[in-house]
Amino acid sequence: MKKSFTTRSLHVPFPRNDAHRALDMPVYETVAYEFDSSESMSANFRGELPAHVYSRTSNPTVEYFEQKMKALTGAHQVLAVASGMAAISNTILSVCKSGDNIISGNHLFAHSFSLLDQSLRNYGLETRFVDTTQSHLVERLIDENTRAIYFETVTNPQLELADISKLSAVARKYNLLLIADSTITPPVVFNGRSLGVDIEVMSTTKHISGGGTSFGGVILDHGNYDWSLNPNLKSLTEKFGKDTFMARLRKNYFRNTGGAMSAHTAHYQILGLDMLELRFERSYSSCMKLGEFLTRHPKVCGLTYPGLKGSKDYELAATQFQGKPGTILTFELESEKACFTFMNHLQMIRRATNLNDNKSLIIHPWSTIFVEFSEKDRKAMKISPTAMRLSVGIEAAEDLMEDIEQALKAIA
């Protein structure tokens, strides 16, 4: 009966009945939880009695957010963490060891690229970067130490799309884990499980937080993967079966590295989920109108948004994301100076680095997010000094177009 995303989100039951019959999940801002007896406390620590014991490992408000994400995505297991970067790092550390390698898209969000190329490499984990839109190139890099293929559903800020079914076929052929960062394509338009994704990671700071209210992340295990195929988890499969990955996460890396989501953050994320479909549809509608407007504008030298019919990825976006591949677009002006002049004259659109706030946000990736990389590396990542990334909010499209028009007039 409950078919719409919003209806299902609003009516996910609490894991346990609330003593006061609250309609909204209370914020359990507490560190520890009391047990009825020493015996029950001991049983919990032995893993025989599920219960909240310490909020670094689990919390009732966070648990409810996880349950909502599970209900809305169809995931087998869900773990909420402190940020999107925590989701990526916890996942990769849980499935790899020193000497292993993963294959990753080469056009990633800058901090994700740095995590893989710098931070994890220092601990003996190799990342082999490749164009994941070319699945045959991915296949060439696989060897006996490869554990996973990692990609972004829509690359940020290049807005490229990989054919997920082709990546899934390669992963299945070699018994590898397929990990998707689905931050740009929230669960209202993307179902990773149906496309053969094993693990999804996402920054819930973006679409899900409810308009830039809080930062967090989630890890979704879709229950597709046979964990006995991974030598680092094989010994756990006899005891945990399909829950092997989540057991390793919760009892090792998540617990020991301290990347827990707070109760207040979970509260904001719960509220954000309930309004996600409404906000996304509004932003998407405005994004399409702005894309068509900018495509026709004489001062705009180029525009990328896979949801537009002129895009090379239009058909793939229709297949994988219901034709709605997120609510960000990139467009180019004649020079870096023109970009700065334009941005400085905007009166409504904010100069800020987040995505999918209720407010529209713009940034010049070349001089900000990717500025730590060399000019050569930035060009290899398809980051252009003449391009800007626009995250479209929920303002009226007509108001946003008026702001853009007056700012473009400032360019000589």
# chains A, B, ... in the order shown; residues from 1 in each chain; ligands from 1
$ closest_atom_pairs --of "region 211-258 of chain A" --to "region 187-195 of chain A" --cutoff "9 Å" --atoms "only C-alpha atoms" --output "Markdown table"
| residue | atom | partner | partner_atom | distance |
| --- | --- | --- | --- | --- |
| A:Asp221 | CA | A:Arg193 | CA | 8.9 |
| A:His222 | CA | A:Arg193 | CA | 5.8 |
| A:Gly223 | CA | A:Arg193 | CA | 8.4 |
| A:Asn224 | CA | A:Arg193 | CA | 7.6 |
$ write_last_selection --atoms "N, CA and C atoms" --output "short mmCIF file (atom, residue, chain, number, x, y, z; two decimals), in the first residue's frame"
data_model
loop_
_atom_site.label_atom_id
_atom_site.label_comp_id
_atom_site.auth_asym_id
_atom_site.auth_seq_id
_atom_site.Cartn_x
_atom_site.Cartn_y
_atom_site.Cartn_z
N ASP A 221 24.68 -2.06 3.14
CA ASP A 221 25.05 -3.39 2.65
C ASP A 221 23.79 -4.00 2.04
N HIS A 222 23.82 -4.24 0.72
CA HIS A 222 22.63 -4.73 0.04
C HIS A 222 22.45 -6.24 0.12
N GLY A 223 23.38 -6.92 0.77
CA GLY A 223 23.22 -8.36 0.96
C GLY A 223 23.45 -9.18 -0.29
N ASN A 224 24.10 -8.60 -1.31
CA ASN A 224 24.33 -9.30 -2.57
C ASN A 224 25.59 -10.16 -2.57
#
$ residues_around --residues "Arg128 (chain A)" --least-positions-apart "4" --cutoff "7 Å" --atoms "only C-alpha atoms" --output "JSON, numbers by chain"
{"A": [102, 103, 104]}
$ write_last_selection --atoms "all heavy atoms" --output "compact mmCIF listing (two decimals), in the first residue's frame"
# COMPACT_ATOMS: atom_id res chain seq x y z
N ILE A 102 42.40 -1.71 -4.66
CA ILE A 102 41.05 -1.51 -5.19
C ILE A 102 41.19 -0.73 -6.49
O ILE A 102 42.20 -0.06 -6.73
CB ILE A 102 40.13 -0.76 -4.22
CG1 ILE A 102 40.60 0.68 -4.01
CG2 ILE A 102 40.00 -1.49 -2.90
CD1 ILE A 102 39.58 1.55 -3.31
N ILE A 103 40.19 -0.85 -7.33
CA ILE A 103 40.15 -0.09 -8.58
C ILE A 103 39.10 1.00 -8.42
O ILE A 103 37.97 0.73 -8.00
CB ILE A 103 39.82 -1.01 -9.76
CG1 ILE A 103 40.93 -2.05 -9.92
CG2 ILE A 103 39.65 -0.21 -11.05
CD1 ILE A 103 40.61 -3.16 -10.86
N SER A 104 39.49 2.22 -8.74
CA SER A 104 38.60 3.36 -8.51
C SER A 104 38.49 4.23 -9.75
O SER A 104 39.43 4.32 -10.55
CB SER A 104 39.13 4.21 -7.35
OG SER A 104 38.44 5.45 -7.28
$ residues_around --residues "Arg56 (chain A)" --least-positions-apart "3" --cutoff "9 Å" --atoms "only C-alpha atoms" --output "number ranges by chain"
A: 31, 53, 59, 254-255, 258-262
$ select_by_dssp --residues "region 348-399 of chain A" --states "strand (DSSP E or B)" --output "compact mmCIF listing (two decimals) with N, CA and C atoms, in the first residue's frame"
# COMPACT_ATOMS: atom_id res chain seq x y z
N ARG A 350 24.49 31.53 -3.20
CA ARG A 350 25.57 31.70 -2.22
C ARG A 350 26.87 31.08 -2.71
N ARG A 351 27.98 31.75 -2.40
CA ARG A 351 29.30 31.20 -2.68
C ARG A 351 29.69 30.30 -1.50
N LEU A 361 23.87 26.98 -4.17
CA LEU A 361 25.26 27.24 -3.83
C LEU A 361 26.14 27.11 -5.08
N ILE A 362 27.15 27.96 -5.17
CA ILE A 362 28.05 27.91 -6.32
C ILE A 362 29.49 27.93 -5.85
N ILE A 363 30.36 27.24 -6.61
CA ILE A 363 31.77 27.19 -6.27
C ILE A 363 32.58 27.04 -7.55
N ALA A 387 35.26 26.62 -15.29
CA ALA A 387 34.00 25.96 -14.94
C ALA A 387 33.59 26.24 -13.50
N MET A 388 32.29 26.31 -13.27
CA MET A 388 31.71 26.46 -11.94
C MET A 388 30.69 25.36 -11.70
N ARG A 389 30.57 24.96 -10.45
CA ARG A 389 29.57 23.97 -10.06
C ARG A 389 28.43 24.66 -9.33
N LEU A 390 27.23 24.45 -9.83
CA LEU A 390 26.04 25.06 -9.21
C LEU A 390 25.16 23.97 -8.62
N SER A 391 24.98 24.03 -7.30
CA SER A 391 24.05 23.15 -6.61
C SER A 391 22.73 23.88 -6.48
$ closest_residue --among "A:Phe129, A:Phe370, A:Phe65, A:Tyr33" --to "Val218 (chain A)" --atoms "only C-alpha atoms"
A:Phe65
$ residues_around --residues "region 13-27 of chain A" --least-positions-apart "2" --cutoff "10 Å" --atoms "only C-alpha atoms" --output "list in words"
Arg8, Ser9, Leu10, His11, Glu29, Thr30, Asn59, Pro60, Thr61, Val62, Glu63, Tyr64, Phe65, Gln67, Lys68, Ala71, Ser262, Ala263, His264, Thr265, Ala266, His267, Tyr268, Ile270 and Leu271 of chain A
$ residues_around --residues "Asn252 (chain A)" --least-positions-apart "4" --cutoff "10 Å" --atoms "only C-alpha atoms" --output "PDB file with N, CA, C and O atoms, in the first residue's frame"
ATOM      1  N   ASN A  90      35.742   3.708   6.410  1.00  0.00           N
ATOM      2  CA  ASN A  90      35.371   2.527   7.189  1.00  0.00           C
ATOM      3  C   ASN A  90      35.093   1.331   6.283  1.00  0.00           C
ATOM      4  O   ASN A  90      35.470   0.201   6.592  1.00  0.00           O
ATOM      5  N   LEU A  93      38.544   0.057   4.679  1.00  0.00           N
ATOM      6  CA  LEU A  93      39.385  -0.579   5.699  1.00  0.00           C
ATOM      7  C   LEU A  93      38.835  -1.928   6.132  1.00  0.00           C
ATOM      8  O   LEU A  93      39.591  -2.831   6.495  1.00  0.00           O
ATOM      9  N   SER A  94      37.519  -2.072   6.087  1.00  0.00           N
ATOM     10  CA  SER A  94      36.901  -3.322   6.531  1.00  0.00           C
ATOM     11  C   SER A  94      37.060  -4.461   5.537  1.00  0.00           C
ATOM     12  O   SER A  94      36.958  -5.625   5.916  1.00  0.00           O
ATOM     13  N   MET A 246      28.883  -6.236   8.143  1.00  0.00           N
ATOM     14  CA  MET A 246      28.435  -5.309   9.174  1.00  0.00           C
ATOM     15  C   MET A 246      28.982  -5.693  10.538  1.00  0.00           C
ATOM     16  O   MET A 246      29.299  -4.813  11.358  1.00  0.00           O
ATOM     17  N   ALA A 247      29.144  -6.991  10.783  1.00  0.00           N
ATOM     18  CA  ALA A 247      29.737  -7.424  12.047  1.00  0.00           C
ATOM     19  C   ALA A 247      31.179  -6.947  12.147  1.00  0.00           C
ATOM     20  O   ALA A 247      31.614  -6.463  13.201  1.00  0.00           O
ATOM     21  N   ARG A 248      31.927  -7.070  11.062  1.00  0.00           N
ATOM     22  CA  ARG A 248      33.318  -6.604  11.063  1.00  0.00           C
ATOM     23  C   ARG A 248      33.394  -5.098  11.249  1.00  0.00           C
ATOM     24  O   ARG A 248      34.238  -4.586  11.986  1.00  0.00           O
ATOM     25  N   ASN A 256      36.265   1.092  16.761  1.00  0.00           N
ATOM     26  CA  ASN A 256      37.614   1.426  17.215  1.00  0.00           C
ATOM     27  C   ASN A 256      38.149   2.748  16.685  1.00  0.00           C
ATOM     28  O   ASN A 256      39.088   3.303  17.263  1.00  0.00           O
ATOM     29  N   THR A 257      37.588   3.235  15.591  1.00  0.00           N
ATOM     30  CA  THR A 257      38.062   4.521  15.070  1.00  0.00           C
ATOM     31  C   THR A 257      37.173   5.685  15.493  1.00  0.00           C
ATOM     32  O   THR A 257      37.534   6.843  15.279  1.00  0.00           O
TER      33      THR A 257
END
$ residues_around --residues "Thr153 (chain A)" --least-positions-apart "6" --cutoff "10 Å" --atoms "only C-alpha atoms" --output "compact mmCIF listing (two decimals) with all heavy atoms, in the first residue's frame"
# COMPACT_ATOMS: atom_id res chain seq x y z
N LEU A 159 30.39 15.33 -13.45
CA LEU A 159 29.05 14.85 -13.79
C LEU A 159 29.08 13.79 -14.89
O LEU A 159 28.27 13.78 -15.82
CB LEU A 159 28.14 16.02 -14.19
CG LEU A 159 28.01 17.15 -13.16
CD1 LEU A 159 26.99 18.18 -13.61
CD2 LEU A 159 27.65 16.62 -11.79
N GLU A 160 30.01 12.86 -14.76
CA GLU A 160 30.10 11.72 -15.67
C GLU A 160 29.36 10.53 -15.06
O GLU A 160 29.30 10.38 -13.83
CB GLU A 160 31.55 11.33 -15.92
CG GLU A 160 32.35 12.37 -16.67
CD GLU A 160 33.80 11.99 -16.83
OE1 GLU A 160 34.28 11.11 -16.08
OE2 GLU A 160 34.48 12.58 -17.69
N LEU A 161 28.84 9.66 -15.92
CA LEU A 161 28.11 8.47 -15.47
C LEU A 161 28.78 7.22 -16.00
O LEU A 161 29.09 7.13 -17.19
CB LEU A 161 26.66 8.50 -15.98
CG LEU A 161 25.61 9.25 -15.17
CD1 LEU A 161 25.95 10.73 -15.06
CD2 LEU A 161 24.25 9.07 -15.83
N ALA A 162 29.01 6.27 -15.10
CA ALA A 162 29.45 4.94 -15.51
C ALA A 162 28.23 4.06 -15.72
O ALA A 162 27.20 4.25 -15.07
CB ALA A 162 30.37 4.33 -14.46
N ASP A 163 28.35 3.08 -16.60
CA ASP A 163 27.29 2.10 -16.80
C ASP A 163 27.40 1.07 -15.67
O ASP A 163 28.29 0.22 -15.67
CB ASP A 163 27.42 1.43 -18.16
CG ASP A 163 26.23 0.53 -18.49
OD1 ASP A 163 25.71 -0.14 -17.58
OD2 ASP A 163 25.83 0.50 -19.66
N ILE A 164 26.53 1.17 -14.69
CA ILE A 164 26.65 0.36 -13.48
C ILE A 164 26.48 -1.12 -13.78
O ILE A 164 27.14 -1.97 -13.18
CB ILE A 164 25.64 0.84 -12.41
CG1 ILE A 164 25.94 2.30 -12.05
CG2 ILE A 164 25.72 -0.04 -11.16
CD1 ILE A 164 24.90 2.93 -11.12
N ILE A 179 31.41 -1.17 -4.97
CA ILE A 179 31.09 -0.11 -4.02
C ILE A 179 30.73 1.16 -4.78
O ILE A 179 31.51 1.63 -5.61
CB ILE A 179 32.27 0.19 -3.08
CG1 ILE A 179 32.75 -1.08 -2.37
CG2 ILE A 179 31.90 1.26 -2.06
CD1 ILE A 179 34.06 -0.90 -1.61
N ALA A 180 29.57 1.72 -4.49
CA ALA A 180 29.12 2.95 -5.15
C ALA A 180 28.97 4.08 -4.15
O ALA A 180 28.33 3.90 -3.10
CB ALA A 180 27.79 2.72 -5.86
N ASP A 181 29.54 5.23 -4.46
CA ASP A 181 29.25 6.45 -3.72
C ASP A 181 28.05 7.09 -4.40
O ASP A 181 28.16 7.63 -5.51
CB ASP A 181 30.45 7.39 -3.74
CG ASP A 181 30.22 8.65 -2.91
OD1 ASP A 181 29.05 9.04 -2.72
OD2 ASP A 181 31.22 9.26 -2.46
N SER A 182 26.91 7.04 -3.74
CA SER A 182 25.65 7.51 -4.34
C SER A 182 25.20 8.85 -3.77
O SER A 182 24.01 9.17 -3.79
CB SER A 182 24.55 6.46 -4.15
OG SER A 182 24.36 6.18 -2.78
N THR A 183 26.14 9.65 -3.29
CA THR A 183 25.81 10.93 -2.66
C THR A 183 24.97 11.83 -3.57
O THR A 183 24.01 12.45 -3.12
CB THR A 183 27.10 11.66 -2.25
OG1 THR A 183 27.78 10.89 -1.25
CG2 THR A 183 26.80 13.04 -1.70
N ILE A 184 25.33 11.91 -4.84
CA ILE A 184 24.65 12.82 -5.76
C ILE A 184 23.26 12.31 -6.14
O ILE A 184 22.37 13.08 -6.50
CB ILE A 184 25.50 13.03 -7.04
CG1 ILE A 184 26.89 13.56 -6.67
CG2 ILE A 184 24.83 14.00 -8.00
CD1 ILE A 184 26.89 14.88 -5.96
N THR A 185 23.07 10.99 -6.06
CA THR A 185 21.79 10.37 -6.48
C THR A 185 21.15 9.70 -5.28
O THR A 185 21.37 8.52 -5.01
CB THR A 185 22.03 9.36 -7.60
OG1 THR A 185 23.05 8.43 -7.18
CG2 THR A 185 22.49 10.06 -8.86
N PHE A 190 17.48 6.48 -6.90
CA PHE A 190 18.48 5.45 -7.19
C PHE A 190 18.31 4.26 -6.26
O PHE A 190 18.20 4.42 -5.05
CB PHE A 190 19.89 6.02 -7.02
CG PHE A 190 20.99 5.03 -7.24
CD1 PHE A 190 21.17 4.42 -8.47
CD2 PHE A 190 21.87 4.72 -6.21
CE1 PHE A 190 22.19 3.50 -8.67
CE2 PHE A 190 22.91 3.81 -6.40
CZ PHE A 190 23.06 3.19 -7.64
N GLY A 192 20.52 1.07 -5.67
CA GLY A 192 21.76 0.39 -5.99
C GLY A 192 21.64 -1.12 -6.06
O GLY A 192 22.27 -1.77 -6.90
N GLU A 200 26.76 0.59 -0.77
CA GLU A 200 26.62 2.01 -1.07
C GLU A 200 27.17 2.82 0.09
O GLU A 200 26.90 2.50 1.26
CB GLU A 200 25.16 2.40 -1.27
CG GLU A 200 24.63 2.27 -2.67
CD GLU A 200 23.20 2.77 -2.77
OE1 GLU A 200 22.99 4.00 -2.69
OE2 GLU A 200 22.30 1.92 -2.90
N ALA A 317 21.26 8.09 -17.74
CA ALA A 317 20.61 8.74 -16.59
C ALA A 317 19.17 8.30 -16.47
O ALA A 317 18.65 8.09 -15.37
CB ALA A 317 20.69 10.26 -16.72
N GLN A 320 19.29 4.57 -15.07
CA GLN A 320 19.84 4.35 -13.73
C GLN A 320 19.22 5.23 -12.65
O GLN A 320 19.16 4.83 -11.49
CB GLN A 320 21.36 4.55 -13.76
CG GLN A 320 22.05 3.54 -14.66
CD GLN A 320 23.57 3.67 -14.69
OE1 GLN A 320 24.27 2.76 -15.13
NE2 GLN A 320 24.11 4.78 -14.23
N PHE A 321 18.76 6.43 -13.04
CA PHE A 321 18.31 7.40 -12.03
C PHE A 321 16.94 7.99 -12.35
O PHE A 321 16.65 9.11 -11.94
CB PHE A 321 19.34 8.53 -11.88
CG PHE A 321 20.75 8.04 -11.80
CD1 PHE A 321 21.68 8.37 -12.77
CD2 PHE A 321 21.17 7.23 -10.75
CE1 PHE A 321 22.98 7.92 -12.70
CE2 PHE A 321 22.46 6.76 -10.67
CZ PHE A 321 23.38 7.11 -11.66
N PRO A 325 19.40 12.68 -12.54
CA PRO A 325 20.75 12.40 -12.01
C PRO A 325 21.27 13.49 -11.08
O PRO A 325 22.31 14.12 -11.32
CB PRO A 325 21.58 12.31 -13.28
CG PRO A 325 20.92 13.27 -14.22
CD PRO A 325 19.45 13.17 -13.93
N GLY A 326 20.55 13.75 -10.02
CA GLY A 326 20.98 14.75 -9.05
C GLY A 326 20.51 16.15 -9.41
O GLY A 326 19.79 16.36 -10.39
$ atom_distance --atom1 "CA of Glu48 (chain A)" --atom2 "CA of Val81 (chain A)"
24.0 Å
$ atom_distance --atom1 "CA of Val392 (chain A)" --atom2 "CA of Ser286 (chain A)"
6.9 Å
$ closest_residue --among "A:Ser38, A:Thr213, A:Thr319, A:Ser228" --to "Asn354 (chain A)" --atoms "only C-alpha atoms"
A:Thr213
$ select_by_dssp --residues "region 11-172 of chain A" --states "alpha helix (DSSP H)" --output "PyMOL selection string"
chain A and resi 38-45+60-73+84-95+110-114+135-140+164-172
$ residues_around --residues "Glu292 (chain A)" --least-positions-apart "2" --cutoff "10 Å" --atoms "only C-alpha atoms" --output "JSON, numbers by chain"
{"A": [286, 287, 288, 289, 290, 294, 295, 296, 297, 303, 305, 308, 309, 310]}
$ write_last_selection --atoms "all heavy atoms" --output "short mmCIF file (atom, residue, chain, number, x, y, z; two decimals), in the first residue's frame"
data_model
loop_
_atom_site.label_atom_id
_atom_site.label_comp_id
_atom_site.auth_asym_id
_atom_site.auth_seq_id
_atom_site.Cartn_x
_atom_site.Cartn_y
_atom_site.Cartn_z
N SER A 286 13.91 22.93 -10.85
CA SER A 286 14.65 24.17 -11.06
C SER A 286 15.96 23.91 -11.80
O SER A 286 16.38 24.71 -12.65
CB SER A 286 14.93 24.86 -9.73
OG SER A 286 13.74 25.34 -9.14
N CYS A 287 16.60 22.79 -11.50
CA CYS A 287 17.86 22.43 -12.15
C CYS A 287 17.65 22.27 -13.66
O CYS A 287 18.45 22.75 -14.47
CB CYS A 287 18.41 21.13 -11.55
SG CYS A 287 20.08 20.69 -12.09
N MET A 288 16.57 21.61 -14.05
CA MET A 288 16.27 21.43 -15.47
C MET A 288 16.03 22.79 -16.14
O MET A 288 16.53 23.05 -17.24
CB MET A 288 15.05 20.53 -15.63
CG MET A 288 15.31 19.07 -15.31
SD MET A 288 16.38 18.28 -16.54
CE MET A 288 15.25 18.20 -17.95
N LYS A 289 15.25 23.65 -15.50
CA LYS A 289 14.96 24.96 -16.08
C LYS A 289 16.23 25.80 -16.21
O LYS A 289 16.44 26.48 -17.22
CB LYS A 289 13.92 25.69 -15.23
CG LYS A 289 12.54 25.05 -15.27
CD LYS A 289 11.57 25.74 -14.32
CE LYS A 289 10.21 25.06 -14.34
NZ LYS A 289 9.28 25.68 -13.36
N LEU A 290 17.08 25.75 -15.19
CA LEU A 290 18.34 26.51 -15.25
C LEU A 290 19.26 25.95 -16.32
O LEU A 290 19.95 26.70 -17.02
CB LEU A 290 19.03 26.48 -13.89
CG LEU A 290 18.39 27.30 -12.77
CD1 LEU A 290 19.18 27.13 -11.48
CD2 LEU A 290 18.31 28.77 -13.15
N LEU A 294 20.67 28.24 -19.26
CA LEU A 294 22.10 28.48 -19.43
C LEU A 294 22.61 27.95 -20.77
O LEU A 294 23.53 28.51 -21.37
CB LEU A 294 22.87 27.84 -18.28
CG LEU A 294 22.71 28.53 -16.92
CD1 LEU A 294 23.24 27.64 -15.79
CD2 LEU A 294 23.43 29.88 -16.91
N THR A 295 22.04 26.86 -21.25
CA THR A 295 22.44 26.31 -22.54
C THR A 295 22.22 27.32 -23.66
O THR A 295 23.01 27.40 -24.61
CB THR A 295 21.65 25.02 -22.83
OG1 THR A 295 21.94 24.05 -21.83
CG2 THR A 295 22.01 24.45 -24.19
N ARG A 296 21.18 28.12 -23.55
CA ARG A 296 20.85 29.10 -24.59
C ARG A 296 21.56 30.43 -24.42
O ARG A 296 21.54 31.27 -25.33
CB ARG A 296 19.34 29.35 -24.60
CG ARG A 296 18.48 28.13 -24.93
CD ARG A 296 17.03 28.54 -25.15
NE ARG A 296 16.46 29.17 -23.97
CZ ARG A 296 15.77 28.53 -23.02
NH1 ARG A 296 15.60 27.21 -23.13
NH2 ARG A 296 15.27 29.18 -22.00
N HIS A 297 22.19 30.66 -23.26
CA HIS A 297 22.74 31.99 -22.97
C HIS A 297 24.03 32.22 -23.76
O HIS A 297 24.93 31.39 -23.76
CB HIS A 297 23.01 32.15 -21.47
CG HIS A 297 23.06 33.58 -21.05
ND1 HIS A 297 24.13 34.40 -21.32
CD2 HIS A 297 22.15 34.35 -20.38
CE1 HIS A 297 23.90 35.60 -20.84
NE2 HIS A 297 22.70 35.60 -20.27
N LEU A 303 27.93 23.65 -20.89
CA LEU A 303 27.15 23.24 -19.72
C LEU A 303 27.07 21.72 -19.69
O LEU A 303 26.94 21.06 -20.73
CB LEU A 303 25.74 23.84 -19.76
CG LEU A 303 24.84 23.46 -18.58
CD1 LEU A 303 24.05 24.66 -18.09
CD2 LEU A 303 23.87 22.34 -18.98
N TYR A 305 24.94 18.66 -17.68
CA TYR A 305 23.94 18.09 -16.77
C TYR A 305 23.35 16.88 -17.46
O TYR A 305 22.69 17.00 -18.50
CB TYR A 305 22.84 19.09 -16.40
CG TYR A 305 21.80 18.47 -15.47
CD1 TYR A 305 22.17 17.99 -14.21
CD2 TYR A 305 20.48 18.32 -15.89
CE1 TYR A 305 21.24 17.40 -13.38
CE2 TYR A 305 19.55 17.72 -15.04
CZ TYR A 305 19.93 17.26 -13.79
OH TYR A 305 19.02 16.65 -12.97
N LEU A 308 19.67 16.53 -19.15
CA LEU A 308 19.22 17.24 -20.35
C LEU A 308 19.33 16.34 -21.58
O LEU A 308 20.29 15.56 -21.70
CB LEU A 308 20.04 18.51 -20.55
CG LEU A 308 19.84 19.61 -19.50
CD1 LEU A 308 20.85 20.72 -19.72
CD2 LEU A 308 18.41 20.15 -19.55
N LYS A 309 18.42 16.48 -22.51
CA LYS A 309 18.39 15.60 -23.67
C LYS A 309 19.64 15.69 -24.53
O LYS A 309 20.01 14.73 -25.20
CB LYS A 309 17.15 15.90 -24.52
CG LYS A 309 15.86 15.36 -23.91
CD LYS A 309 14.69 15.51 -24.86
CE LYS A 309 13.43 14.90 -24.27
NZ LYS A 309 12.26 15.02 -25.18
N GLY A 310 20.30 16.82 -24.51
CA GLY A 310 21.51 16.96 -25.31
C GLY A 310 22.74 16.29 -24.72
O GLY A 310 23.78 16.20 -25.37
#
$ atom_distance --atom1 "CA of Gly124 (chain A)" --atom2 "CA of His111 (chain A)"
18.7 Å
$ closest_residue --among "A:Tyr28, A:Phe109, A:Tyr174, A:Phe45" --to "Ile383 (chain A)" --atoms "only C-alpha atoms"
A:Phe109
$ closest_residue --among "A:Glu315, A:Asp143, A:Glu126, A:Asp198" --to "Gly99 (chain A)" --atoms "only C-alpha atoms"
A:Glu126
$ closest_residue --among "A:Val95, A:Ile219, A:Leu177, A:Leu120" --to "Pro231 (chain A)" --atoms "only C-alpha atoms"
A:Val95
